[in-house]
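> Provided herewith: start_0.txt, compact mmCIF, C-alpha atoms and all ligand atoms.
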```txt
# COMPACT_ATOMS: atom_id res chain seq x y z
CA MET A 18 23.54 12.62 -18.86
CA ALA A 19 20.57 10.47 -17.79
CA SER A 20 17.15 12.10 -17.49
CA LYS A 21 15.55 10.70 -14.35
CA GLY A 22 12.01 9.62 -15.20
CA LEU A 23 12.74 10.49 -18.88
CA GLN A 24 11.58 14.04 -18.11
CA GLY A 25 11.85 16.25 -21.19
CA VAL A 26 12.82 13.36 -23.48
CA VAL A 27 10.80 13.25 -26.70
CA ILE A 28 10.51 9.58 -27.66
CA GLY A 29 8.48 9.84 -30.85
CA GLN A 30 5.80 11.64 -32.81
CA THR A 31 2.04 11.40 -32.45
CA LYS A 32 -1.01 12.98 -34.06
CA LEU A 33 -3.22 12.09 -31.10
CA ALA A 34 -2.80 14.57 -28.26
CA ASP A 35 -0.79 17.56 -27.19
CA ILE A 36 -0.45 19.23 -23.82
CA ASP A 37 0.52 22.82 -23.16
CA GLY A 38 1.56 22.38 -19.56
CA ASP A 39 2.11 26.08 -18.85
CA ALA A 40 -1.23 27.18 -20.28
CA GLY A 41 -3.10 24.15 -18.88
CA GLU A 42 -4.38 23.11 -22.32
CA LEU A 43 -4.99 19.67 -23.78
CA ILE A 44 -6.03 18.82 -27.34
CA TYR A 45 -7.06 15.55 -28.96
CA VAL A 46 -6.30 15.59 -32.72
CA GLY A 47 -6.61 19.39 -32.78
CA TYR A 48 -9.78 19.74 -30.67
CA ASP A 49 -9.68 21.39 -27.27
CA ILE A 50 -10.64 18.98 -24.47
CA ASP A 51 -13.19 21.46 -23.17
CA ASP A 52 -14.98 21.55 -26.53
CA LEU A 53 -14.94 17.75 -26.78
CA ALA A 54 -16.17 17.11 -23.23
CA HIS A 55 -19.09 19.50 -23.76
CA HIS A 56 -20.11 18.47 -27.26
CA VAL A 57 -19.20 14.89 -28.18
CA SER A 58 -19.68 11.42 -26.74
CA PHE A 59 -17.01 8.92 -25.73
CA GLU A 60 -17.76 6.89 -28.87
CA GLU A 61 -17.13 9.96 -31.05
CA VAL A 62 -13.78 10.44 -29.28
CA CYS A 63 -12.90 6.78 -29.95
CA PHE A 64 -13.60 7.33 -33.64
CA LEU A 65 -11.58 10.57 -33.60
CA LEU A 66 -8.56 8.88 -32.03
CA TRP A 67 -8.67 5.84 -34.30
CA ASN A 68 -9.36 7.75 -37.54
CA GLY A 69 -7.98 11.24 -37.06
CA ARG A 70 -11.36 12.93 -37.60
CA LEU A 71 -14.78 13.10 -36.01
CA PRO A 72 -17.36 10.64 -37.40
CA LYS A 73 -20.32 11.44 -39.62
CA GLN A 74 -23.67 10.28 -38.21
CA ALA A 75 -23.71 6.98 -40.17
CA GLU A 76 -20.15 6.20 -39.07
CA LEU A 77 -21.00 6.89 -35.44
CA THR A 78 -24.11 4.70 -35.62
CA GLU A 79 -22.02 1.87 -37.06
CA LEU A 80 -19.35 2.21 -34.36
CA GLN A 81 -22.04 2.24 -31.65
CA ARG A 82 -23.49 -0.91 -33.18
CA GLN A 83 -20.12 -2.65 -33.25
CA LEU A 84 -19.26 -1.67 -29.67
CA GLY A 85 -22.72 -2.66 -28.41
CA SER A 86 -22.64 -6.04 -30.12
CA GLN A 87 -19.18 -6.93 -28.77
CA ARG A 88 -19.72 -6.15 -25.08
CA ALA A 89 -20.95 -9.59 -24.00
CA LEU A 90 -18.30 -11.85 -22.47
CA ARG A 91 -17.69 -15.31 -23.85
CA PRO A 92 -18.61 -18.09 -21.34
CA GLU A 93 -14.93 -18.97 -20.73
CA MET A 94 -14.26 -15.40 -19.61
CA LEU A 95 -17.20 -15.49 -17.22
CA GLU A 96 -15.87 -18.73 -15.75
CA LEU A 97 -12.44 -17.18 -15.38
CA LEU A 98 -13.82 -14.13 -13.57
CA ARG A 99 -15.81 -16.41 -11.26
CA ALA A 100 -12.55 -18.15 -10.33
CA PHE A 101 -10.79 -14.93 -9.31
CA PRO A 102 -10.41 -14.29 -5.56
CA ARG A 103 -13.18 -11.93 -4.43
CA ASP A 104 -10.67 -9.67 -2.74
CA ALA A 105 -8.45 -9.37 -5.83
CA ASP A 106 -7.39 -5.85 -6.78
CA PRO A 107 -9.77 -4.88 -9.64
CA MET A 108 -6.83 -3.64 -11.76
CA ALA A 109 -5.01 -6.95 -11.27
CA ALA A 110 -8.24 -8.74 -12.23
CA LEU A 111 -8.62 -6.55 -15.33
CA ARG A 112 -4.97 -7.03 -16.32
CA THR A 113 -5.34 -10.81 -16.08
CA ALA A 114 -8.69 -10.82 -17.90
CA VAL A 115 -7.41 -8.72 -20.82
CA SER A 116 -4.40 -10.97 -21.11
CA ALA A 117 -6.76 -13.98 -21.16
CA LEU A 118 -8.87 -12.41 -23.94
CA GLY A 119 -5.83 -12.80 -26.17
CA LEU A 120 -5.86 -16.57 -25.62
CA TYR A 121 -9.28 -16.83 -27.26
CA ASP A 122 -8.44 -14.66 -30.29
CA SER A 123 -7.06 -16.89 -33.03
CA ASP A 124 -5.77 -13.71 -34.74
CA ALA A 125 -4.09 -12.38 -31.59
CA ASP A 126 -0.71 -12.10 -33.30
CA ASP A 127 -2.06 -10.44 -36.45
CA ILE A 128 -0.72 -6.88 -36.37
CA SER A 129 -2.10 -5.80 -39.74
CA ASP A 130 -3.93 -2.46 -39.60
CA GLU A 131 -7.29 -4.14 -40.26
CA ALA A 132 -6.84 -6.70 -37.45
CA LEU A 133 -5.62 -4.01 -35.04
CA ARG A 134 -8.69 -1.86 -35.70
CA ARG A 135 -10.99 -4.83 -35.14
CA LYS A 136 -9.25 -5.60 -31.83
CA SER A 137 -9.30 -1.95 -30.74
CA ILE A 138 -13.10 -1.93 -31.00
CA PHE A 139 -13.35 -5.34 -29.34
CA LEU A 140 -11.22 -4.37 -26.33
CA THR A 141 -12.98 -1.01 -25.91
CA ALA A 142 -16.27 -2.94 -25.84
CA GLN A 143 -15.07 -5.68 -23.48
CA VAL A 144 -13.19 -3.72 -20.80
CA PRO A 145 -16.28 -2.03 -19.24
CA THR A 146 -18.08 -5.38 -19.08
CA LEU A 147 -15.05 -7.06 -17.49
CA VAL A 148 -14.84 -4.36 -14.80
CA ALA A 149 -18.56 -4.39 -14.00
CA THR A 150 -18.81 -8.19 -14.10
CA PHE A 151 -15.85 -8.66 -11.76
CA HIS A 152 -17.43 -6.19 -9.36
CA ARG A 153 -20.81 -7.93 -9.37
CA LEU A 154 -19.27 -11.35 -8.84
CA ARG A 155 -17.10 -10.20 -5.94
CA SER A 156 -20.18 -8.57 -4.38
CA GLY A 157 -22.09 -11.86 -4.58
CA ALA A 158 -24.43 -10.61 -7.35
CA GLU A 159 -25.02 -12.34 -10.68
CA PRO A 160 -23.55 -10.53 -13.70
CA LEU A 161 -26.02 -8.83 -16.03
CA PRO A 162 -26.03 -9.17 -19.81
CA PRO A 163 -24.89 -5.94 -21.52
CA ARG A 164 -27.54 -3.83 -23.28
CA PRO A 165 -26.27 -3.13 -26.79
CA GLU A 166 -28.72 -0.25 -27.32
CA LEU A 167 -27.04 1.78 -24.54
CA GLY A 168 -23.87 3.83 -24.97
CA THR A 169 -20.65 2.82 -23.20
CA ALA A 170 -21.23 5.11 -20.18
CA ALA A 171 -24.89 4.16 -19.67
CA ASP A 172 -24.26 0.45 -20.13
CA PHE A 173 -21.33 0.44 -17.71
CA LEU A 174 -23.38 2.14 -14.96
CA TYR A 175 -26.24 -0.28 -15.65
CA LEU A 176 -23.99 -3.37 -15.52
CA LEU A 177 -22.36 -2.12 -12.33
CA ASN A 178 -25.38 -0.99 -10.34
CA GLY A 179 -28.13 -3.17 -11.83
CA GLU A 180 -30.34 -0.21 -12.76
CA GLU A 181 -30.40 2.41 -15.47
CA ALA A 182 -28.64 5.59 -14.42
CA SER A 183 -30.27 9.03 -14.70
CA ALA A 184 -29.51 11.23 -17.71
CA THR A 185 -27.29 13.51 -15.56
CA ARG A 186 -25.27 10.56 -14.31
CA VAL A 187 -24.84 9.12 -17.80
CA LYS A 188 -23.78 12.52 -19.14
CA THR A 189 -21.25 12.91 -16.33
CA MET A 190 -19.86 9.40 -16.78
CA ASP A 191 -19.62 9.93 -20.54
CA ALA A 192 -17.76 13.24 -20.11
CA ALA A 193 -15.40 11.60 -17.58
CA LEU A 194 -14.61 8.94 -20.20
CA VAL A 195 -13.93 11.66 -22.79
CA LEU A 196 -11.59 13.47 -20.36
CA HIS A 197 -9.61 10.30 -19.58
CA ALA A 198 -9.43 8.87 -23.11
CA GLU A 199 -6.01 10.14 -24.15
CA HIS A 200 -3.06 12.03 -22.71
CA GLY A 201 0.02 11.86 -24.92
CA MET A 202 3.07 9.90 -23.83
CA ASN A 203 1.94 9.11 -20.29
CA ALA A 204 3.50 6.14 -18.47
CA SER A 205 0.93 3.50 -19.45
CA THR A 206 0.84 4.59 -23.10
CA PHE A 207 4.63 4.51 -23.20
CA SER A 208 4.60 1.05 -21.74
CA ALA A 209 2.03 -0.13 -24.35
CA ARG A 210 4.21 1.31 -27.10
CA VAL A 211 7.37 -0.35 -25.74
CA THR A 212 5.61 -3.73 -25.83
CA ALA A 213 4.25 -3.13 -29.35
CA GLY A 214 7.70 -1.93 -30.42
CA THR A 215 8.95 -5.51 -30.12
CA LYS A 216 6.14 -6.53 -32.54
CA SER A 217 4.41 -8.34 -29.71
CA ASP A 218 0.61 -8.49 -29.99
CA LEU A 219 -2.02 -5.89 -29.05
CA TYR A 220 -3.34 -7.87 -26.06
CA SER A 221 0.17 -8.00 -24.59
CA ALA A 222 0.59 -4.26 -25.14
CA ILE A 223 -2.71 -3.41 -23.43
CA THR A 224 -1.86 -5.82 -20.59
CA SER A 225 1.41 -3.92 -20.08
CA ALA A 226 -0.50 -0.63 -20.10
CA ILE A 227 -2.99 -1.81 -17.47
CA GLY A 228 -0.14 -2.99 -15.23
CA THR A 229 1.43 0.45 -15.54
CA LEU A 230 -1.79 2.40 -15.01
CA LYS A 231 -2.33 0.48 -11.77
CA GLY A 232 0.40 2.35 -9.86
CA PRO A 233 -0.49 5.09 -7.33
CA LEU A 234 1.57 7.71 -9.17
CA HIS A 235 -0.52 7.20 -12.35
CA GLY A 236 -4.04 5.73 -12.54
CA GLY A 237 -4.06 4.67 -8.91
CA ALA A 238 -3.91 8.27 -7.70
CA ASN A 239 -7.70 8.75 -7.76
CA VAL A 240 -8.07 5.88 -5.29
CA GLU A 241 -5.43 7.52 -3.10
CA VAL A 242 -7.40 10.80 -3.26
CA MET A 243 -10.48 9.05 -1.89
CA HIS A 244 -8.39 7.39 0.85
CA MET A 245 -7.09 10.85 1.72
CA LEU A 246 -10.58 12.42 1.80
CA ARG A 247 -11.76 9.67 4.14
CA GLU A 248 -8.68 9.96 6.32
CA ILE A 249 -9.20 13.72 6.69
CA ASP A 250 -12.88 13.17 7.44
CA GLU A 251 -12.09 10.70 10.20
CA SER A 252 -9.01 12.48 11.56
CA GLY A 253 -10.90 15.00 13.66
CA VAL A 254 -8.59 17.77 12.43
CA SER A 255 -9.56 20.47 9.91
CA PRO A 256 -8.61 20.02 6.23
CA ARG A 257 -6.25 23.01 6.62
CA GLU A 258 -4.44 21.45 9.55
CA TRP A 259 -4.19 18.07 7.79
CA VAL A 260 -2.78 19.55 4.58
CA LEU A 261 -0.25 21.76 6.39
CA ARG A 262 0.93 18.87 8.53
CA THR A 263 1.31 16.63 5.46
CA LEU A 264 3.32 19.27 3.59
CA ASP A 265 5.50 20.06 6.61
CA GLU A 266 6.30 16.37 7.00
CA GLY A 267 7.37 16.28 3.32
CA GLY A 268 4.34 14.23 2.31
CA ARG A 269 2.28 14.54 -0.86
CA VAL A 270 -1.28 15.69 -1.14
CA MET A 271 -2.78 13.21 -3.59
CA GLY A 272 -4.47 14.60 -6.68
CA PHE A 273 -2.04 17.52 -6.91
CA GLY A 274 0.98 17.99 -9.13
CA HIS A 275 1.78 16.67 -12.57
CA ARG A 276 4.88 15.95 -14.60
CA VAL A 277 3.66 18.10 -17.49
CA TYR A 278 1.15 20.66 -16.17
CA ARG A 279 2.41 23.78 -14.44
CA ALA A 280 -1.15 25.13 -14.33
CA VAL A 281 -4.50 23.61 -13.37
CA ASP A 282 -5.04 20.40 -15.35
CA PRO A 283 -7.90 21.35 -17.75
CA ARG A 284 -9.53 17.98 -17.03
CA ALA A 285 -9.69 18.86 -13.32
CA LYS A 286 -11.51 22.10 -14.20
CA MET A 287 -14.10 20.19 -16.23
CA LEU A 288 -14.59 17.54 -13.57
CA ARG A 289 -15.14 20.22 -10.93
CA GLU A 290 -17.87 21.70 -13.14
CA MET A 291 -19.50 18.32 -13.69
CA ALA A 292 -19.31 17.50 -10.00
CA ASP A 293 -21.68 20.36 -9.17
CA GLU A 294 -24.46 19.00 -11.35
CA VAL A 295 -24.23 15.39 -10.31
CA MET A 296 -23.96 16.29 -6.60
CA ARG A 297 -26.96 18.61 -6.85
CA GLU A 298 -28.96 15.65 -8.18
CA SER A 299 -27.71 13.28 -5.47
CA GLY A 300 -28.14 15.86 -2.71
CA ASP A 301 -24.78 14.87 -1.21
CA ALA A 302 -22.04 17.45 -1.66
CA HIS A 303 -19.92 16.34 1.28
CA TRP A 304 -16.88 15.06 -0.65
CA LEU A 305 -16.97 17.95 -3.06
CA GLU A 306 -17.04 20.50 -0.24
CA LEU A 307 -14.10 18.77 1.43
CA SER A 308 -12.22 18.70 -1.90
CA ASP A 309 -12.84 22.44 -2.35
CA GLN A 310 -11.46 23.15 1.12
CA ILE A 311 -8.29 21.15 0.43
CA ARG A 312 -7.85 22.89 -2.87
CA ALA A 313 -8.14 26.33 -1.27
CA VAL A 314 -5.42 25.48 1.31
CA MET A 315 -3.17 23.98 -1.37
CA ASP A 316 -3.57 27.04 -3.63
CA GLU A 317 -2.59 29.34 -0.78
CA GLU A 318 0.30 27.19 0.45
CA MET A 319 1.81 26.41 -2.94
CA GLN A 320 1.78 30.10 -3.79
CA LYS A 321 3.55 30.88 -0.48
CA ARG A 322 6.11 28.13 -1.14
CA GLY A 323 6.61 29.25 -4.76
CA LYS A 324 5.60 25.87 -6.25
CA LYS A 325 3.49 25.31 -9.35
CA ILE A 326 1.46 22.43 -7.92
CA TYR A 327 -2.21 22.43 -8.97
CA PRO A 328 -5.07 19.92 -8.92
CA ASN A 329 -4.77 17.17 -11.52
CA VAL A 330 -7.45 15.04 -13.17
CA ASP A 331 -7.63 12.64 -10.24
CA PHE A 332 -8.47 15.21 -7.62
CA PHE A 333 -12.10 15.79 -8.54
CA SER A 334 -12.68 12.46 -10.29
CA ALA A 335 -12.61 10.81 -6.84
CA SER A 336 -15.67 12.70 -5.57
CA VAL A 337 -17.46 12.52 -8.95
CA TYR A 338 -17.05 8.73 -9.18
CA THR A 339 -18.15 8.26 -5.58
CA THR A 340 -21.33 10.19 -6.29
CA LEU A 341 -21.91 8.05 -9.41
CA GLY A 342 -22.01 5.00 -7.13
CA ILE A 343 -18.64 3.66 -8.27
CA PRO A 344 -16.77 1.92 -5.43
CA MET A 345 -13.44 3.50 -4.58
CA ASP A 346 -11.27 0.55 -5.57
CA LEU A 347 -12.75 0.57 -9.09
CA PHE A 348 -11.60 4.11 -9.91
CA SER A 349 -8.41 3.07 -11.73
CA ALA A 350 -10.34 0.44 -13.67
CA VAL A 351 -12.77 3.16 -14.78
CA PHE A 352 -9.75 5.13 -15.95
CA ALA A 353 -8.76 2.04 -18.00
CA ILE A 354 -12.25 1.84 -19.58
CA ALA A 355 -11.60 5.29 -21.07
CA ARG A 356 -7.89 5.02 -21.76
CA VAL A 357 -8.12 1.78 -23.75
CA SER A 358 -9.23 4.03 -26.63
CA GLY A 359 -6.07 6.18 -26.35
CA TRP A 360 -3.79 3.17 -25.86
CA THR A 361 -5.15 1.41 -28.94
CA ALA A 362 -4.90 4.62 -30.99
CA HIS A 363 -1.23 4.92 -30.00
CA LEU A 364 -0.70 1.28 -30.90
CA LEU A 365 -2.15 1.86 -34.38
CA GLU A 366 0.48 4.61 -34.76
CA GLN A 367 3.26 2.49 -33.28
CA TYR A 368 2.67 -0.61 -35.43
CA ALA A 369 2.23 1.52 -38.57
CA ASN A 370 5.66 3.14 -38.15
CA ASN A 371 7.48 0.80 -35.83
CA ARG A 372 11.01 0.83 -34.52
CA LEU A 373 12.13 -1.16 -31.49
CA ILE A 374 12.13 1.13 -28.43
CA ARG A 375 15.41 0.51 -26.70
CA PRO A 376 16.92 3.40 -24.75
CA GLU A 377 20.23 3.24 -22.94
CA SER A 378 21.30 3.67 -19.35
CA GLU A 379 24.30 5.43 -17.87
CA TYR A 380 26.43 2.81 -16.14
CA ILE A 381 27.54 3.94 -12.67
CA GLY A 382 28.70 0.57 -11.31
CA PRO A 383 32.29 -0.67 -10.85
CA ARG A 384 34.58 -1.83 -13.66
CA GLY A 385 37.64 -4.04 -13.95
CA LEU A 386 36.71 -6.59 -11.26
CA THR A 387 37.89 -10.19 -11.61
CA VAL A 388 36.03 -13.23 -10.27
CA GLU A 389 37.40 -14.69 -7.04
CA PRO A 390 36.84 -18.38 -6.26
CA ILE A 391 33.64 -18.73 -4.22
CA ALA A 392 35.46 -19.86 -1.04
CA GLN A 393 37.44 -16.60 -0.97
CA ARG A 394 34.58 -14.08 -1.55
N1 LIG B 1 1.91 17.32 -2.89
C1 LIG B 1 2.93 18.03 -2.36
N2 LIG B 1 4.07 18.29 -3.02
C2 LIG B 1 4.18 17.84 -4.27
C3 LIG B 1 3.17 17.10 -4.90
C4 LIG B 1 2.00 16.85 -4.16
N3 LIG B 1 1.00 16.14 -4.68
N4 LIG B 1 3.55 16.78 -6.14
C5 LIG B 1 4.77 17.28 -6.30
N5 LIG B 1 5.16 17.91 -5.18
C6 LIG B 1 6.44 18.61 -4.97
C7 LIG B 1 7.52 17.58 -4.62
O1 LIG B 1 7.59 17.36 -3.23
C8 LIG B 1 8.75 18.24 -5.19
O2 LIG B 1 9.18 19.23 -4.26
P1 LIG B 1 10.77 19.53 -4.07
O3 LIG B 1 11.23 20.04 -5.40
O4 LIG B 1 10.78 20.56 -2.98
O5 LIG B 1 11.38 18.23 -3.69
C9 LIG B 1 8.23 18.96 -6.43
O6 LIG B 1 6.86 19.19 -6.21
C10 LIG B 1 8.40 18.17 -7.72
O7 LIG B 1 7.89 16.86 -7.51
P2 LIG B 1 8.34 15.58 -8.37
O8 LIG B 1 7.93 14.34 -7.67
O9 LIG B 1 9.78 15.70 -8.76
O10 LIG B 1 7.49 15.74 -9.67
P3 LIG B 1 7.20 14.60 -10.71
O11 LIG B 1 7.01 15.27 -12.00
O12 LIG B 1 8.19 13.50 -10.66
O13 LIG B 1 5.85 13.97 -10.14
C11 LIG B 1 3.65 13.40 -9.73
C12 LIG B 1 4.61 14.17 -10.64
C13 LIG B 1 2.28 13.36 -10.37
C14 LIG B 1 4.13 11.94 -9.57
C15 LIG B 1 3.60 14.11 -8.35
O14 LIG B 1 3.13 15.42 -8.50
C16 LIG B 1 2.77 13.35 -7.32
O15 LIG B 1 3.29 12.43 -6.67
N6 LIG B 1 1.46 13.71 -7.16
C17 LIG B 1 0.58 13.00 -6.30
C18 LIG B 1 0.08 11.77 -7.02
C19 LIG B 1 -0.92 12.13 -8.11
O16 LIG B 1 -1.85 12.89 -7.90
N7 LIG B 1 -0.72 11.49 -9.29
C20 LIG B 1 -1.64 11.66 -10.42
C21 LIG B 1 -0.97 12.28 -11.59
S1 LIG B 1 -2.13 12.84 -12.82
C22 LIG B 1 -2.83 11.44 -13.48
C23 LIG B 1 -2.08 10.85 -14.59
O17 LIG B 1 -1.74 11.56 -15.56
O18 LIG B 1 -1.90 9.64 -14.51
```
For the structure just supplied, provide its representation as structure tokens.
Ligand code: CMC


Amino acid sequence: MASKGLQGVVIGQTKLADIDGDAGELIYVGYDIDDLAHHVSFEEVCFLLWNGRLPKQAELTELQRQLGSQRALRPEMLELLRAFPRDADPMAALRTAVSALGLYDSDADDISDEALRRKSIFLTAQVPTLVATFHRLRSGAEPLPPRPELGTAADFLYLLNGEEASATRVKTMDAALVLHAEHGMNASTFSARVTAGTKSDLYSAITSAIGTLKGPLHGGANVEVMHMLREIDESGVSPREWVLRTLDEGGRVMGFGHRVYRAVDPRAKMLREMADEVMRESGDAHWLELSDQIRAVMDEEMQKRGKKIYPNVDFFSASVYTTLGIPMDLFSAVFAIARVSGWTAHLLEQYANNRLIRPESEYIGPRGLTVEPIAQR
């Protein structure tokens, strides 16, 4: 019997993350996401995912140095980004750019553990610069050189906006990266593993993952949330009316529901907390207030309708990113900046214990037909 959407199918083992969907809990390598988001940086999470333990200070300093020194784009990549159409979808631009990075790596096909670790650091360093540089070029601004002394979150906000972000903004961005770094066998990670399972190279696997993350049911949902918030704002009807009408018409309220969680996504809880602080600093709580109103109606309605549909990670990330000055159509690319750490960690696992991933399908088409000459069909 086929499982539509592979729901409930366990396709392999991992030491990276586990989700308790009923309790609304998420762990990375044994650590609760709440603990990590409050107490460690994105770089520490990268080390944790790649090495199975948190770094000592000297190890963290070395990783920060390596990431910082590998953020600058080679001139050919800058030329390539300049040639992209200005109205290109940022995820399509990122997918193409990451694929192109592989062309310039003479070791692209080396899938030894050492080469994979080197490339994991390189891609984690390059992706934020690619996203920010594409954005500056399409806005008619000159790209800025990365600042190796800054952490990933601070440097990304600097490269994007052309000025150093406040400590609150950097802390919020960093925690958002931690929350999005890893999430078990999600669609994009699965797709990266399928590509690696053929012993194709790491750049191809990450390119597959970016193409998969791009869809509105996965990484693209945070963009859809912002579209929805704007639509409600401009509709002239109350959030309650809008939500009820959408549900009655069989539509989906973006940022709600999840294949695995049957409780509030713990990442949504954290983002809601972070939103308060960053909005207080910016003095603009409009999107957050609107999000809270939608959430209240959804809570009430889902309870009435007996459905376990709760806010997911994308629901509050939309308003948080907007307040951080990140344009709406870059949200999924920001997700990719974080998730490249989880993807590469899964790829280290996949290559180390590889078997071709090749499921089967249940054939429901006809049988026993014979070919008729073309004139008689
Ligand atoms: N609004 C209203 N109803 C919903 C929603 C929603 N957002 N999500 C699910 N439902 C209902 C759906 O209509 C269905 O009802 P019924 O059984 O009466 O037909 C039921 O819940 C089950 O839905 P499903 O589509 O079978 O569930 P799924 O596991 O295939 O889909 C999902 C999960 C995330 C695709 C879906 O909840 C959805 O489309 N949500 C909106 C998009 C979204 O926010 N996506 C981000 C996911 S989290 C980020 C990530 O991990 O990438």

> Restricting the calculation to all atoms listed in the file: of A:Glu298, A:Lys286, A:Thr215, A:Gly228, which residue gets closest to Thr185 in chain A?

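The answer is A:Glu298, which sits nearest to Thr185 in chain A.
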
> So how far away is CA of Lys325 in chain A from CA of Ile227 in chain A, in Å?

29.0 Å

> List every residue of chain A that has an atom at most 6 Å from any atom of ligand LIG 1 (chain B), giving for each one its closest atom pair and the distance in Å to one decimal, counting all atoms listed in the file, sorted by chain and then by ascending residue number, as JSON lines.


```
{"residue": "A:Leu234", "atom": "CA", "partner": "B:LIG1", "partner_atom": "N7", "distance": 4.4}
{"residue": "A:His235", "atom": "CA", "partner": "B:LIG1", "partner_atom": "O18", "distance": 3.5}
{"residue": "A:Gly236", "atom": "CA", "partner": "B:LIG1", "partner_atom": "O18", "distance": 4.9}
{"residue": "A:Ala238", "atom": "CA", "partner": "B:LIG1", "partner_atom": "N7", "distance": 4.8}
{"residue": "A:Arg269", "atom": "CA", "partner": "B:LIG1", "partner_atom": "N1", "distance": 3.5}
{"residue": "A:Val270", "atom": "CA", "partner": "B:LIG1", "partner_atom": "N1", "distance": 4.0}
{"residue": "A:Met271", "atom": "CA", "partner": "B:LIG1", "partner_atom": "C17", "distance": 4.3}
{"residue": "A:Gly272", "atom": "CA", "partner": "B:LIG1", "partner_atom": "O16", "distance": 3.4}
{"residue": "A:Phe273", "atom": "CA", "partner": "B:LIG1", "partner_atom": "N3", "distance": 4.0}
{"residue": "A:Gly274", "atom": "CA", "partner": "B:LIG1", "partner_atom": "O14", "distance": 3.4}
{"residue": "A:His275", "atom": "CA", "partner": "B:LIG1", "partner_atom": "C13", "distance": 4.0}
{"residue": "A:Arg276", "atom": "CA", "partner": "B:LIG1", "partner_atom": "O11", "distance": 3.4}
{"residue": "A:Asn329", "atom": "CA", "partner": "B:LIG1", "partner_atom": "S1", "distance": 5.2}
{"residue": "A:Val330", "atom": "CA", "partner": "B:LIG1", "partner_atom": "S1", "distance": 5.8}
{"residue": "A:Asp331", "atom": "CA", "partner": "B:LIG1", "partner_atom": "C22", "distance": 5.9}
```

> Between A:Glu377, A:Asp191, A:Glu248, A:Glu241, which one has atoms that come closest to Phe59 in chain A, using all atoms listed in the file?

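For Phe59 in chain A, the nearest of the given residues is A:Asp191.
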
> Write out as a list in words which residues come within 10 Å of Ala54 in chain A when counting all atoms listed in the file, dropping same-chain ones fewer than 6 positions away.

Val62, Lys188, Thr189, Asp191, Ala192, Ala193, Leu194, Val195, Leu196, Arg284, Met287 and Leu288 of chain A

> Just checking: using all atoms listed in the file, which residue out of A:Asp172, A:Ser123, A:Ser86, A:Gly214 ends up closest to Glu366 in chain A?

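Among A:Asp172, A:Ser123, A:Ser86, A:Gly214, it is A:Gly214 that comes nearest to Glu366 in chain A.
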
> Just the residues within 10 Å of Tyr220 in chain A, please, counting all atoms listed in the file, with nothing from its chain fewer than 4 positions along; format it as a PyMOL selection string.

chain A and resi 112+115-120+122+125-126+136-137+140+209+212-213+224-226+361
